[in-house]
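Right, one structure below, let's go through it.
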Amino acid sequence: MTAPFLAAVAQAETLIAGAEFVRSDLDLAEGYDYLAASTAACLRLSGVHGTSHPCFVSSTGPYAKMGLDNPDTLYYHANIEPTAEYVVRGVRGSTVDLSFQVLKGDYTATDVPGGADAFDDRRIPIAPDGSFSIRFGPPKPDAPEDYFPLGAGASMLAVREVYSDWTERKGSIRIERVDTIGTAPAEPDLARLRKRYRAAGNMLLTRVHTWFNFPKWFYLDLPVNTLTAPRLTPGGLSTQYSSVGHFDLADDQALVITVPKSDAPYQGFQLGSLWYISLDYVNHQTSLNHTQAQVDPDGMIRMVVSRRDPGITNWIETTGRTRGILQFRWQRTDRPMTAADGPTAELVAFDEVGEHLRHYEHNRIDAAGWRDRIAARQRAFAERMLG
């Protein structure tokens with residue numbers, strides 16, 4: 001029964017142990033931790049993989065990370081079929097963004113999935129009390145504004161809810177398949193369970209292969225310790241821009257990143273590991289958005305990426321890593337993000353960080369202030385998960 005899944009776990013372990021970017025025991029330990037979380041996630045998700053009675057499940061999160069998960073985002077998805085009709089109902093929370101994306105096909109090791117449709121809640125009718133009801137289904141003539149056609153091969157409805165200062169209230173959401181609501185799915189039998197274990201194994205290997213390749217596709221060919229100009233996110237939302245790069249820093253080096261505070265509703269920055277997952281963003285400041293970050297008097301946000309603590313409010317911690325991913329996102333945009341909106345990066349000696357910060361005295365923070373910042377992250381995250 002479990003043999004196909006166990007074989008997949010063993011194959012995934014071999015891939016992780018042989019990853020070309022592993023330099024240290026810390027890198028390898030992170031890889032095995034990633035494997036443990038992915039194994040648990042794939043087993044769980046394979047149990048809700050059917051499309052007859054869909055429900056929203058957490059796609060990625062702090063304990064089962066994948067795909068360079070954004071620390072500011074809650075991710076949900078439901079499995080769908082392009083020939084069925086679905087009703088999605090919910091209540092809009094106070095988060096800065098709520099978006100929907102229909103995906104066709106699965107992420108594979110060789111390509112990025114196509115987005116059949118992607119939009120944010122500005123395109124849906126929301127009642128004064130925050131409630132909404134929208135439909136997805138096969139294309140039909142004269143569809144109302146709350147009806148969104150599913151393209152050929154549509155297989156997943158993804159939902160993202162994005163925070164700014166982490167104290168907002170998240171909304172609620174549910175999905176119903178019109179022709180099965182009020183009925184029960186078939187009870188699992190031995191054949192279905194065998195299929196579930198095989199599906200979980202395939203899902204695990206797809207996950208590992210895919211996210212091994214993403215940094216190669218979009219990051220590692222770029223000059224190290226630099227960031228691109230903002231560009232539409234490959235395979236992402238139509239209203240999301242990103243700026244990407246990768247870092248390789250010695251203990252005596254730091255990366256000073258300067259970016260204008262954006263007029264977009266959401267602007268965020270984070271570090272990721274070469275396993276293409278976020279670093280610990282709850283107990284360390286490995287991410288900042290334009291609400292959390294300290295903004296200098298000239299309207300610029302200046303951040304310092306380094307292994308050691310520079311005593312700067314906008315220190316972005318590498319948590320002991322020498323290499324990793326750099327990622328900016330702008331979301332819910334209503335205009336193109338240009339190079340003028342984007343970041344610049346300067347590699348400097350760690351001991352000379354202060355000389356490269358125009359408002360150094362404004363940027364400094366003491367140990368007690370830093371501890372307060374981390375405590376605020378921990379508390380806001382706990383509220384976010386329980387809300």
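Going through the structure tokens in order, the chains are called A, B, and so on, while each chain numbers its residues from 1 and the ligands are numbered from 1 in the order shown.
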Region 46-57 of chain A environment, 9 Å, only C-alpha atoms, sequence neighbours closer than 5 positions dropped, as a ChimeraX atom specification: /A:41,75-81,155,157-159,173-177,179-181,183-185,193,196-200,203
If we count only C-alpha atoms, what is near Gly151 (chain A) at a cut-off of 12 Å, once residues fewer than 5 positions away on the same chain are taken out, given as a ChimeraX atom specification? /A:80-84,101-105,114-118,136-140,156-157
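Counting only C-alpha atoms, the residue from A:Arg308, A:Arg332, A:His359, A:Arg302 that sits nearest to Thr344 (chain A) is A:Arg302.
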Nearest candidate to Ser94 (chain A) (options A:Arg169, A:Arg122, A:Lys261, A:Lys216; using only C-alpha atoms): A:Arg169
Could you tell me, as a ChimeraX atom specification, which residues of region 211-357 of chain A DSSP assigns to strand (DSSP E or B) when given the backbone? /A:231-232,241-248,253-260,266-272,278,287-289,300-306,312,315-317,323-331,344-349
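Nearest residue to Leu28 (chain A) among A:Leu279, A:Leu288, A:Val91, A:Leu274 is A:Leu274, counting only C-alpha atoms.
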Looking only at helix (DSSP H, G or I) from DSSP on the backbone, list the matching residues of region 27-202 of chain A as a PyMOL selection string. chain A and resi 27-46+121-123+190-202
Restricting it to N, CA, C and O atoms, dump the selection as a compact mmCIF listing (two decimals), in the first residue's frame.
# COMPACT_ATOMS: atom_id res chain seq x y z
N ASP A 27 22.98 23.84 5.69
CA ASP A 27 22.25 23.71 4.43
C ASP A 27 21.55 22.36 4.33
O ASP A 27 20.38 22.27 3.94
N LEU A 28 22.27 21.31 4.69
CA LEU A 28 21.72 19.96 4.58
C LEU A 28 20.60 19.74 5.60
O LEU A 28 19.57 19.14 5.27
N ALA A 29 20.80 20.24 6.82
CA ALA A 29 19.75 20.10 7.83
C ALA A 29 18.48 20.81 7.39
O ALA A 29 17.36 20.30 7.58
N GLU A 30 18.62 21.98 6.77
CA GLU A 30 17.46 22.69 6.26
C GLU A 30 16.77 21.88 5.17
O GLU A 30 15.54 21.83 5.09
N GLY A 31 17.56 21.20 4.34
CA GLY A 31 16.98 20.37 3.30
C GLY A 31 16.19 19.21 3.86
O GLY A 31 15.09 18.90 3.39
N TYR A 32 16.70 18.57 4.90
CA TYR A 32 15.97 17.45 5.50
C TYR A 32 14.73 17.93 6.25
O TYR A 32 13.71 17.23 6.29
N ASP A 33 14.80 19.12 6.81
CA ASP A 33 13.61 19.69 7.44
C ASP A 33 12.55 20.01 6.38
O ASP A 33 11.35 19.77 6.59
N TYR A 34 13.00 20.51 5.26
CA TYR A 34 12.10 20.76 4.12
C TYR A 34 11.46 19.46 3.65
O TYR A 34 10.26 19.40 3.35
N LEU A 35 12.24 18.38 3.61
CA LEU A 35 11.71 17.08 3.21
C LEU A 35 10.65 16.60 4.19
O LEU A 35 9.59 16.10 3.77
N ALA A 36 10.89 16.75 5.48
CA ALA A 36 9.92 16.31 6.48
C ALA A 36 8.60 17.05 6.32
O ALA A 36 7.52 16.45 6.33
N ALA A 37 8.68 18.36 6.18
CA ALA A 37 7.46 19.16 6.04
C ALA A 37 6.75 18.83 4.74
O ALA A 37 5.52 18.75 4.69
N SER A 38 7.50 18.63 3.66
CA SER A 38 6.90 18.33 2.37
C SER A 38 6.24 16.96 2.38
O SER A 38 5.17 16.76 1.78
N THR A 39 6.86 16.00 3.05
CA THR A 39 6.28 14.66 3.15
C THR A 39 4.92 14.72 3.84
O THR A 39 3.94 14.16 3.36
N ALA A 40 4.88 15.44 4.97
CA ALA A 40 3.61 15.56 5.70
C ALA A 40 2.57 16.30 4.86
O ALA A 40 1.40 15.91 4.82
N ALA A 41 2.99 17.37 4.18
CA ALA A 41 2.05 18.17 3.39
C ALA A 41 1.47 17.35 2.24
O ALA A 41 0.27 17.42 1.96
N CYS A 42 2.31 16.59 1.55
CA CYS A 42 1.83 15.84 0.39
C CYS A 42 0.87 14.73 0.80
O CYS A 42 -0.11 14.45 0.10
N LEU A 43 1.14 14.08 1.93
CA LEU A 43 0.20 13.08 2.42
C LEU A 43 -1.14 13.72 2.75
O LEU A 43 -2.21 13.19 2.43
N ARG A 44 -1.09 14.90 3.38
CA ARG A 44 -2.34 15.59 3.74
C ARG A 44 -3.09 16.04 2.50
O ARG A 44 -4.29 15.81 2.37
N LEU A 45 -2.37 16.65 1.56
CA LEU A 45 -3.04 17.19 0.38
C LEU A 45 -3.57 16.09 -0.52
O LEU A 45 -4.59 16.28 -1.20
N SER A 46 -2.92 14.94 -0.54
CA SER A 46 -3.42 13.86 -1.39
C SER A 46 -4.78 13.36 -0.91
O SER A 46 -5.55 12.81 -1.70
N ASP A 121 -9.62 41.40 -5.77
CA ASP A 121 -11.02 41.60 -5.39
C ASP A 121 -11.62 42.90 -5.92
O ASP A 121 -12.82 43.15 -5.75
N ARG A 122 -10.83 43.72 -6.61
CA ARG A 122 -11.41 44.89 -7.27
C ARG A 122 -12.33 44.48 -8.42
O ARG A 122 -13.11 45.30 -8.89
N ARG A 123 -12.21 43.24 -8.86
CA ARG A 123 -13.04 42.77 -9.98
C ARG A 123 -14.28 41.99 -9.51
O ARG A 123 -15.00 41.46 -10.35
N LEU A 190 -9.87 0.40 -0.69
CA LEU A 190 -8.46 0.08 -0.84
C LEU A 190 -7.89 0.64 -2.13
O LEU A 190 -6.75 1.13 -2.16
N ALA A 191 -8.66 0.59 -3.20
CA ALA A 191 -8.16 1.12 -4.48
C ALA A 191 -7.90 2.61 -4.39
O ALA A 191 -6.88 3.11 -4.90
N ARG A 192 -8.82 3.33 -3.74
CA ARG A 192 -8.62 4.78 -3.61
C ARG A 192 -7.42 5.09 -2.72
O ARG A 192 -6.69 6.05 -2.97
N LEU A 193 -7.23 4.31 -1.68
CA LEU A 193 -6.09 4.55 -0.79
C LEU A 193 -4.77 4.27 -1.50
O LEU A 193 -3.78 4.98 -1.31
N ARG A 194 -4.74 3.23 -2.33
CA ARG A 194 -3.53 2.98 -3.12
C ARG A 194 -3.25 4.18 -4.04
O ARG A 194 -2.12 4.61 -4.18
N LYS A 195 -4.31 4.65 -4.65
CA LYS A 195 -4.17 5.81 -5.53
C LYS A 195 -3.69 7.02 -4.74
O LYS A 195 -2.86 7.81 -5.23
N ARG A 196 -4.17 7.18 -3.52
CA ARG A 196 -3.77 8.32 -2.71
C ARG A 196 -2.28 8.27 -2.38
O ARG A 196 -1.58 9.28 -2.49
N TYR A 197 -1.77 7.10 -2.01
CA TYR A 197 -0.35 7.01 -1.69
C TYR A 197 0.51 7.25 -2.93
O TYR A 197 1.57 7.88 -2.85
N ARG A 198 0.07 6.73 -4.08
CA ARG A 198 0.81 7.00 -5.32
C ARG A 198 0.79 8.49 -5.65
O ARG A 198 1.80 9.06 -6.04
N ALA A 199 -0.39 9.10 -5.48
CA ALA A 199 -0.50 10.54 -5.76
C ALA A 199 0.39 11.35 -4.83
O ALA A 199 1.04 12.32 -5.26
N ALA A 200 0.45 10.96 -3.55
CA ALA A 200 1.29 11.68 -2.60
C ALA A 200 2.76 11.57 -2.99
O ALA A 200 3.52 12.54 -2.90
N GLY A 201 3.18 10.39 -3.44
CA GLY A 201 4.56 10.23 -3.88
C GLY A 201 4.88 11.06 -5.10
O GLY A 201 5.94 11.72 -5.16
N ASN A 202 3.97 11.06 -6.07
CA ASN A 202 4.19 11.88 -7.27
C ASN A 202 4.22 13.36 -6.91
O ASN A 202 5.03 14.13 -7.45
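The residue set within 6 Å of region 220-229 of chain A, counting only C-alpha atoms and dropping same-chain residues fewer than 5 places from it, reads Pro215, Ser243, Val244, Gly245, His246, Phe247, Ala339, Gly342 and Ala345 of chain A.
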Produce a file of the selected residues containing C-alpha atoms, as a short mmCIF file (atom, residue, chain, number, x, y, z; two decimals), in the first residue's frame.
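Saved the output as selection16.cif:
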data_model
loop_
_atom_site.label_atom_id
_atom_site.label_comp_id
_atom_site.auth_asym_id
_atom_site.auth_seq_id
_atom_site.Cartn_x
_atom_site.Cartn_y
_atom_site.Cartn_z
CA PRO A 215 16.17 29.38 -8.68
CA SER A 243 12.45 42.21 -8.45
CA VAL A 244 14.74 39.26 -7.83
CA GLY A 245 18.32 38.30 -7.15
CA HIS A 246 20.54 36.08 -5.06
CA PHE A 247 23.16 36.82 -2.45
CA ALA A 339 13.21 50.82 -12.73
CA GLY A 342 12.90 49.36 -7.97
CA ALA A 345 22.02 46.98 -4.05
#
Which one is closest to Tyr219 (chain A): A:Gly299, A:Gly90, A:Pro149, A:Gly272? Count only C-alpha atoms. A:Gly272
Could you state the separation of CA of Leu98 (chain A) and CA of Ser133 (chain A) in Å, given to one decimal place? 13.8 Å
Could you check the closest approach to Ala7 (chain A) for each of A:Phe350, A:Leu205, A:Met303, A:Gln240 and tell me which residue wins, using only C-alpha atoms? A:Leu205
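What separates CA of Glu161 (chain A) from CA of Leu74 (chain A) is a distance of 5.1 Å.
Candidate residues A:Asp129, A:Asp351, A:Asp189, A:Glu145 were compared for distance to Gly171 (chain A), and the nearest is A:Asp129, using only C-alpha atoms.
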